[in-house]
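**Student:** model-v8.cif (mmCIF, C-alpha atoms, pLDDT in the B column; chains and numbers go by the auth columns) pasted underneath:
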```cif
data_data
#
loop_
_atom_site.group_PDB
_atom_site.id
_atom_site.type_symbol
_atom_site.label_atom_id
_atom_site.label_comp_id
_atom_site.label_asym_id
_atom_site.label_seq_id
_atom_site.Cartn_x
_atom_site.Cartn_y
_atom_site.Cartn_z
_atom_site.B_iso_or_equiv
_atom_site.auth_seq_id
_atom_site.auth_asym_id
ATOM 1 C CA MET A 1 0.000 0.000 0.000 51.00 1 A
ATOM 2 C CA TYR A 2 1.142 3.504 -0.820 52.00 2 A
ATOM 3 C CA THR A 3 0.306 6.477 1.360 54.00 3 A
ATOM 4 C CA TYR A 4 0.028 9.992 -0.089 53.00 4 A
ATOM 5 C CA THR A 5 0.580 13.176 1.908 58.00 5 A
ATOM 6 C CA LEU A 6 -0.248 16.685 0.768 59.00 6 A
ATOM 7 C CA ILE A 7 2.619 19.174 1.121 58.00 7 A
ATOM 8 C CA ARG A 8 2.204 22.924 0.752 61.00 8 A
ATOM 9 C CA LYS A 9 4.341 24.786 -1.770 58.00 9 A
ATOM 10 C CA ASP A 10 6.176 26.736 0.975 64.00 10 A
ATOM 11 C CA ASP A 11 7.022 23.538 2.856 67.00 11 A
ATOM 12 C CA LEU A 12 8.216 21.925 -0.366 62.00 12 A
ATOM 13 C CA GLU A 13 10.560 24.859 -1.049 66.00 13 A
ATOM 14 C CA ILE A 14 12.011 24.657 2.465 69.00 14 A
ATOM 15 C CA LEU A 15 12.459 20.897 2.067 63.00 15 A
ATOM 16 C CA SER A 16 14.197 21.286 -1.289 64.00 16 A
ATOM 17 C CA GLN A 17 16.555 23.932 0.152 66.00 17 A
ATOM 18 C CA GLN A 18 17.450 21.559 2.989 63.00 18 A
ATOM 19 C CA ILE A 19 18.218 18.819 0.456 59.00 19 A
ATOM 20 C CA VAL A 20 20.499 21.240 -1.391 55.00 20 A
ATOM 21 C CA GLU A 21 22.366 22.131 1.786 58.00 21 A
ATOM 22 C CA VAL A 22 22.791 18.491 2.867 52.00 22 A
ATOM 23 C CA GLN A 23 23.398 16.609 -0.400 52.00 23 A
ATOM 24 C CA GLY A 24 24.316 19.409 -2.819 52.00 24 A
ATOM 25 C CA LEU A 25 21.502 18.514 -5.214 50.00 25 A
ATOM 26 C CA ARG A 26 19.304 20.763 -7.376 51.00 26 A
ATOM 27 C CA PRO A 27 16.087 21.749 -5.592 48.00 27 A
ATOM 28 C CA ILE A 28 12.965 19.720 -6.402 48.00 28 A
ATOM 29 C CA TRP A 29 10.714 22.806 -6.553 49.00 29 A
ATOM 30 C CA PRO A 30 12.609 25.820 -7.946 50.00 30 A
ATOM 31 C CA SER A 31 12.074 28.909 -5.858 49.00 31 A
ATOM 32 C CA PRO A 32 11.178 32.144 -7.654 50.00 32 A
ATOM 33 C CA ASN A 33 14.261 33.717 -6.029 50.00 33 A
ATOM 34 C CA LEU A 34 16.600 31.196 -7.672 46.00 34 A
ATOM 35 C CA VAL A 35 17.982 32.338 -11.049 47.00 35 A
ATOM 36 C CA PHE A 36 19.381 29.792 -13.481 45.00 36 A
ATOM 37 C CA PRO A 37 21.623 30.848 -16.397 48.00 37 A
ATOM 38 C CA SER A 38 19.754 31.249 -19.688 48.00 38 A
ATOM 39 C CA THR A 39 20.831 29.304 -22.762 48.00 39 A
ATOM 40 C CA ASN A 40 18.526 31.083 -25.210 52.00 40 A
ATOM 41 C CA PRO A 41 20.691 33.194 -27.577 51.00 41 A
ATOM 42 C CA SER A 42 17.975 35.818 -28.023 49.00 42 A
ATOM 43 C CA THR A 43 17.733 36.455 -24.266 49.00 43 A
ATOM 44 C CA MET A 44 21.522 36.355 -23.981 48.00 44 A
ATOM 45 C CA ALA A 45 21.773 38.992 -26.681 43.00 45 A
ATOM 46 C CA ASP A 46 19.260 41.191 -24.885 50.00 46 A
ATOM 47 C CA ASN A 47 20.550 40.737 -21.318 52.00 47 A
ATOM 48 C CA GLU A 48 24.272 39.956 -21.389 60.00 48 A
ATOM 49 C CA ILE A 49 25.683 41.634 -24.537 64.00 49 A
ATOM 50 C CA THR A 50 26.365 45.310 -24.017 70.00 50 A
ATOM 51 C CA ASP A 51 28.426 45.993 -27.152 74.00 51 A
ATOM 52 C CA PRO A 52 26.060 47.631 -29.697 75.00 52 A
ATOM 53 C CA ASN A 53 28.042 46.406 -32.723 77.00 53 A
ATOM 54 C CA LEU A 54 27.945 42.801 -31.535 75.00 54 A
ATOM 55 C CA ALA A 55 24.243 43.080 -30.754 73.00 55 A
ATOM 56 C CA ALA A 56 23.576 44.444 -34.256 72.00 56 A
ATOM 57 C CA GLU A 57 25.451 41.506 -35.811 74.00 57 A
ATOM 58 C CA LEU A 58 23.430 39.007 -33.785 70.00 58 A
ATOM 59 C CA LYS A 59 20.237 40.772 -34.854 67.00 59 A
ATOM 60 C CA LYS A 60 21.231 40.444 -38.519 66.00 60 A
ATOM 61 C CA LYS A 61 21.790 36.720 -38.077 66.00 61 A
ATOM 62 C CA ARG A 62 18.176 36.184 -36.995 64.00 62 A
ATOM 63 C CA THR A 63 16.296 34.285 -39.669 61.00 63 A
ATOM 64 C CA PHE A 64 12.781 35.250 -40.745 64.00 64 A
ATOM 65 C CA ARG A 65 10.237 33.074 -42.471 73.00 65 A
ATOM 66 C CA THR A 66 10.140 33.700 -46.220 80.00 66 A
ATOM 67 C CA PHE A 67 7.242 32.771 -48.493 83.00 67 A
ATOM 68 C CA SER A 68 7.760 29.940 -50.944 86.00 68 A
ATOM 69 C CA TYR A 69 5.274 28.260 -53.265 88.00 69 A
ATOM 70 C CA ARG A 70 6.060 24.552 -53.518 86.00 70 A
ATOM 71 C CA GLY A 71 9.715 25.189 -52.721 85.00 71 A
ATOM 72 C CA ILE A 72 10.103 28.208 -55.035 86.00 72 A
ATOM 73 C CA GLU A 73 10.802 31.580 -53.397 88.00 73 A
ATOM 74 C CA LEU A 74 8.741 34.645 -54.261 87.00 74 A
ATOM 75 C CA GLU A 75 11.423 36.437 -56.307 87.00 75 A
ATOM 76 C CA LYS A 76 12.027 33.383 -58.495 88.00 76 A
ATOM 77 C CA LEU A 77 8.283 32.833 -58.744 88.00 77 A
ATOM 78 C CA LEU A 78 7.737 36.326 -60.142 88.00 78 A
ATOM 79 C CA ASP A 79 10.508 35.875 -62.713 88.00 79 A
ATOM 80 C CA MET A 80 9.255 32.434 -63.749 88.00 80 A
ATOM 81 C CA SER A 81 7.708 31.915 -67.166 88.00 81 A
ATOM 82 C CA ASN A 82 4.100 30.791 -67.581 86.00 82 A
ATOM 83 C CA ASP A 83 5.096 27.321 -68.800 87.00 83 A
ATOM 84 C CA ASP A 84 7.265 26.700 -65.727 89.00 84 A
ATOM 85 C CA PHE A 85 4.539 27.964 -63.396 90.00 85 A
ATOM 86 C CA VAL A 86 1.970 25.641 -65.017 90.00 86 A
ATOM 87 C CA GLU A 87 4.128 22.672 -64.003 90.00 87 A
ATOM 88 C CA LEU A 88 3.964 23.755 -60.333 91.00 88 A
ATOM 89 C CA VAL A 89 0.193 24.085 -59.873 91.00 89 A
ATOM 90 C CA HIS A 90 -2.234 21.266 -59.103 92.00 90 A
ATOM 91 C CA CYS A 91 -3.626 19.089 -61.879 93.00 91 A
ATOM 92 C CA ARG A 92 -6.985 20.880 -62.205 93.00 92 A
ATOM 93 C CA ALA A 93 -5.316 24.260 -62.730 92.00 93 A
ATOM 94 C CA ARG A 94 -2.695 22.680 -65.007 92.00 94 A
ATOM 95 C CA ARG A 95 -5.404 21.311 -67.289 94.00 95 A
ATOM 96 C CA ARG A 96 -7.101 24.717 -67.300 92.00 96 A
ATOM 97 C CA PHE A 97 -3.926 26.527 -68.395 91.00 97 A
ATOM 98 C CA GLN A 98 -2.980 23.890 -70.958 90.00 98 A
ATOM 99 C CA ARG A 99 -6.352 24.234 -72.668 91.00 99 A
ATOM 100 C CA GLY A 100 -5.643 27.958 -73.044 89.00 100 A
ATOM 101 C CA LEU A 101 -7.042 31.067 -71.376 87.00 101 A
ATOM 102 C CA LYS A 102 -9.973 32.781 -73.084 89.00 102 A
ATOM 103 C CA ARG A 103 -10.470 36.463 -73.812 92.00 103 A
ATOM 104 C CA ARG A 104 -12.017 37.461 -70.474 93.00 104 A
ATOM 105 C CA PRO A 105 -9.242 36.128 -68.159 92.00 105 A
ATOM 106 C CA MET A 106 -6.590 37.725 -70.354 92.00 106 A
ATOM 107 C CA GLY A 107 -8.549 40.992 -70.274 94.00 107 A
ATOM 108 C CA LEU A 108 -8.556 40.921 -66.463 94.00 108 A
ATOM 109 C CA ILE A 109 -4.769 40.432 -66.363 93.00 109 A
ATOM 110 C CA LYS A 110 -4.297 43.349 -68.771 94.00 110 A
ATOM 111 C CA LYS A 111 -6.480 45.598 -66.584 94.00 111 A
ATOM 112 C CA LEU A 112 -4.445 44.633 -63.514 94.00 112 A
ATOM 113 C CA ARG A 113 -1.209 45.510 -65.350 93.00 113 A
ATOM 114 C CA LEU A 114 -2.581 48.937 -66.308 95.00 114 A
ATOM 115 C CA ALA A 115 -3.757 49.580 -62.733 94.00 115 A
ATOM 116 C CA LYS A 116 -0.272 48.754 -61.390 92.00 116 A
ATOM 117 C CA LYS A 117 1.398 51.074 -63.875 93.00 117 A
ATOM 118 C CA ALA A 118 -0.986 53.947 -63.094 92.00 118 A
ATOM 119 C CA ALA A 119 -0.580 53.593 -59.311 91.00 119 A
ATOM 120 C CA PRO A 120 1.650 56.154 -57.538 90.00 120 A
ATOM 121 C CA PRO A 121 4.813 54.808 -55.865 87.00 121 A
ATOM 122 C CA ASN A 122 4.353 53.123 -52.458 86.00 122 A
ATOM 123 C CA GLU A 123 0.570 53.053 -52.896 90.00 123 A
ATOM 124 C CA LYS A 124 -1.905 50.307 -53.712 92.00 124 A
ATOM 125 C CA PRO A 125 -3.285 50.191 -57.259 93.00 125 A
ATOM 126 C CA ALA A 126 -6.917 50.957 -58.053 94.00 126 A
ATOM 127 C CA VAL A 127 -9.564 48.293 -57.592 95.00 127 A
ATOM 128 C CA VAL A 128 -10.348 46.253 -60.707 95.00 128 A
ATOM 129 C CA LYS A 129 -13.836 44.751 -60.576 96.00 129 A
ATOM 130 C CA THR A 130 -14.542 41.357 -62.083 95.00 130 A
ATOM 131 C CA HIS A 131 -17.191 38.646 -62.289 96.00 131 A
ATOM 132 C CA LEU A 132 -14.594 35.931 -62.974 95.00 132 A
ATOM 133 C CA ARG A 133 -14.836 33.975 -59.727 95.00 133 A
ATOM 134 C CA ASP A 134 -13.205 30.935 -61.368 94.00 134 A
ATOM 135 C CA MET A 135 -10.033 32.843 -62.245 94.00 135 A
ATOM 136 C CA ILE A 136 -6.884 31.135 -60.922 94.00 136 A
ATOM 137 C CA ILE A 137 -4.485 33.520 -59.161 93.00 137 A
ATOM 138 C CA VAL A 138 -1.090 33.694 -60.883 92.00 138 A
ATOM 139 C CA PRO A 139 2.103 35.354 -59.531 91.00 139 A
ATOM 140 C CA GLU A 140 1.643 38.336 -61.851 91.00 140 A
ATOM 141 C CA MET A 141 -1.519 39.295 -59.926 92.00 141 A
ATOM 142 C CA ILE A 142 0.312 39.622 -56.582 91.00 142 A
ATOM 143 C CA GLY A 143 -0.019 43.150 -55.166 91.00 143 A
ATOM 144 C CA SER A 144 -3.165 44.011 -57.171 93.00 144 A
ATOM 145 C CA VAL A 145 -6.548 44.806 -55.644 95.00 145 A
ATOM 146 C CA VAL A 146 -9.460 42.914 -57.201 96.00 146 A
ATOM 147 C CA GLY A 147 -13.163 43.552 -56.626 96.00 147 A
ATOM 148 C CA ILE A 148 -14.598 40.023 -56.686 96.00 148 A
ATOM 149 C CA TYR A 149 -18.350 39.766 -57.321 96.00 149 A
ATOM 150 C CA ASN A 150 -20.221 37.544 -54.878 94.00 150 A
ATOM 151 C CA GLY A 151 -23.647 37.775 -56.504 94.00 151 A
ATOM 152 C CA LYS A 152 -24.605 41.025 -54.816 93.00 152 A
ATOM 153 C CA THR A 153 -21.566 43.246 -54.208 95.00 153 A
ATOM 154 C CA PHE A 154 -17.898 43.488 -55.188 96.00 154 A
ATOM 155 C CA ASN A 155 -15.596 42.543 -52.305 95.00 155 A
ATOM 156 C CA SER A 156 -12.209 44.261 -52.565 95.00 156 A
ATOM 157 C CA VAL A 157 -9.414 41.742 -51.992 95.00 157 A
ATOM 158 C CA GLU A 158 -5.692 42.469 -52.081 94.00 158 A
ATOM 159 C CA ILE A 159 -3.869 39.612 -53.776 93.00 159 A
ATOM 160 C CA LYS A 160 -1.093 38.245 -51.543 93.00 160 A
ATOM 161 C CA PRO A 161 1.579 35.613 -52.283 91.00 161 A
ATOM 162 C CA GLU A 162 -0.198 33.008 -50.147 91.00 162 A
ATOM 163 C CA MET A 163 -3.182 33.128 -52.533 92.00 163 A
ATOM 164 C CA THR A 164 -1.180 31.827 -55.502 92.00 164 A
ATOM 165 C CA GLY A 165 -2.855 28.867 -57.199 92.00 165 A
ATOM 166 C CA HIS A 166 -6.249 29.461 -55.543 94.00 166 A
ATOM 167 C CA TYR A 167 -9.474 30.657 -57.149 95.00 167 A
ATOM 168 C CA LEU A 168 -10.746 34.210 -56.690 95.00 168 A
ATOM 169 C CA ALA A 169 -14.059 32.825 -55.419 94.00 169 A
ATOM 170 C CA GLU A 170 -12.345 31.409 -52.331 94.00 170 A
ATOM 171 C CA PHE A 171 -11.806 34.956 -51.020 94.00 171 A
ATOM 172 C CA SER A 172 -15.286 36.353 -51.711 93.00 172 A
ATOM 173 C CA ILE A 173 -17.947 34.259 -49.994 92.00 173 A
ATOM 174 C CA SER A 174 -21.230 34.133 -51.900 93.00 174 A
ATOM 175 C CA TYR A 175 -23.531 33.477 -48.929 92.00 175 A
ATOM 176 C CA LYS A 176 -24.041 34.747 -45.427 90.00 176 A
ATOM 177 C CA PRO A 177 -23.088 32.155 -42.796 89.00 177 A
ATOM 178 C CA VAL A 178 -26.074 31.048 -40.748 88.00 178 A
ATOM 179 C CA LYS A 179 -26.099 32.079 -37.086 86.00 179 A
ATOM 180 C CA HIS A 180 -28.751 30.011 -35.314 84.00 180 A
ATOM 181 C CA GLY A 181 -30.711 31.654 -32.533 81.00 181 A
ATOM 182 C CA ARG A 182 -33.421 30.327 -30.258 76.00 182 A
ATOM 183 C CA PRO A 183 -36.126 28.194 -31.888 70.00 183 A
ATOM 184 C CA GLY A 184 -39.417 30.002 -32.416 68.00 184 A
ATOM 185 C CA ILE A 185 -42.890 29.037 -31.292 63.00 185 A
ATOM 186 C CA GLY A 186 -44.031 25.890 -33.042 60.00 186 A
ATOM 187 C CA ALA A 187 -40.547 24.971 -34.214 67.00 187 A
ATOM 188 C CA THR A 188 -40.605 21.670 -32.307 69.00 188 A
ATOM 189 C CA HIS A 189 -43.329 19.174 -31.426 65.00 189 A
ATOM 190 C CA CYS A 190 -43.065 20.114 -27.758 67.00 190 A
ATOM 191 C CA GLU A 191 -43.688 23.791 -28.525 67.00 191 A
ATOM 192 C CA SER A 192 -46.706 22.989 -30.684 69.00 192 A
ATOM 193 C CA TYR A 193 -48.174 20.807 -27.912 73.00 193 A
ATOM 194 C CA LEU A 194 -47.679 23.549 -25.301 73.00 194 A
ATOM 195 C CA LEU A 195 -49.309 26.056 -27.656 74.00 195 A
ATOM 196 C CA TYR A 196 -52.250 23.673 -28.041 77.00 196 A
ATOM 197 C CA LEU A 197 -52.604 23.457 -24.238 81.00 197 A
ATOM 198 C CA ARG A 198 -52.526 27.250 -23.878 82.00 198 A
ATOM 199 C CA VAL A 199 -55.246 27.689 -26.495 83.00 199 A
ATOM 200 C CA LEU A 200 -57.308 24.984 -24.798 84.00 200 A
ATOM 201 C CA ASN A 201 -56.995 26.720 -21.426 86.00 201 A
ATOM 202 C CA VAL A 202 -58.066 30.046 -22.903 85.00 202 A
ATOM 203 C CA LEU A 203 -61.099 28.453 -24.529 83.00 203 A
ATOM 204 C CA THR A 204 -62.128 26.759 -21.276 85.00 204 A
ATOM 205 C CA LEU A 205 -61.887 30.086 -19.425 84.00 205 A
ATOM 206 C CA LEU A 206 -63.997 31.844 -22.058 82.00 206 A
ATOM 207 C CA LEU A 207 -66.656 29.135 -22.042 73.00 207 A
#
```
Translate this file's structure into structure tokens.
**Tutor:**
Amino acid sequence: MYTYTLIRKDDLEILSQQIVEVQGLRPIWPSPNLVFPSTNPSTMADNEITDPNLAAELKKKRTFRTFSYRGIELEKLLDMSNDDFVELVHCRARRRFQRGLKRRPMGLIKKLRLAKKAAPPNEKPAVVKTHLRDMIIVPEMIGSVVGIYNGKTFNSVEIKPEMTGHYLAEFSISYKPVKHGRPGIGATHCESYLLYLRVLNVLTLLL
């Protein structure tokens, strides 16, 4: 048989300190007053390094997450030809491109090019409205603002690198998500039965 005893946190800290004094071991329950050396290089750079030049070098060495589409970085993706990009996309989009783009998708791409050229520096281009919800987003469209029709209004969407290979319709929902509230009177069999009883009671009082 095993017996369990409850020990308060304060008593456990005192006990662990006594074990440290007697046996030279690490305390079982670390006290908030005990400070252990940090091995994280980011905290070491912030707390221990006082030389500004060395701190700047460590800051430069920090790596940031860069976008890549199926292993291809964004800069190479923008410089890639259409034939090479077709080989990267999924099979449904590949079949679509191989069968050739019609006049309307090509017209949308031309409008987006003109909007980018007419935009002032360091500003977003003008919104280009379209009904082409089945248009596949290509790298050339990155940075443009497209007004995607959802059946009622045009939702302005800025094309970002993460949207590459998706359809425009995925970013302009065509329905309003249902938010269910309380059920109304007569919505269930129980409610209809209670309503029947109330009407019956009113009729008995009137008669």
**Student:** I need the output of the PyMOL selection byres ((chain A and resi 127-133) around 6) for this file as a ChimeraX atom specification; which residues are they?
**Tutor:** /A:126,134-135,145-149,168-169
**Student:** What is the distance between CA of Leu195 (chain A) and CA of Lys179 (chain A), in Å to one decimal?
**Tutor:**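 Taking CA of Leu195 (chain A) as the start and CA of Lys179 (chain A) as the end point, the length is 25.8 Å.
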**Student:** Using Å and a single decimal, report how far CA of Leu108 (chain A) sits from CA of Pro121 (chain A).
**Tutor:** 22.0 Å
**Student:** Find the distance between CA of Ser172 (chain A) and CA of Val86 (chain A) and write it in Å to one decimal.
**Tutor:**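 CA of Ser172 (chain A) sits 24.3 Å away from CA of Val86 (chain A).
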**Student:** Please determine, counting only C-alpha atoms, which residue among A:His180, A:Thr164, A:Tyr175, A:Tyr193 has the shortest atom-to-atom distance to Phe67 (chain A).
**Tutor:**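 Of the candidates, the smallest distance to Phe67 (chain A) is held by A:Thr164.
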**Student:** Listed atoms of region 152-160 of chain A, axis-aligned box, 3 Å per side: centre and edge lengths to one decimal in Å, as lines of an AutoDock Vina configuration file?
**Tutor:**
```
center_x = -12.8
center_y = 41.3
center_z = -53.4
size_x = 29.5
size_y = 12.0
size_z = 9.6
```
**Student:** What's the 10 Å shell around region 80-84 of chain A, counting all atoms listed in the file, without same-chain residues fewer than 3 positions away, as a ChimeraX atom specification?
**Tutor:** /A:72,74-77,87-89,94,97-98,138-140
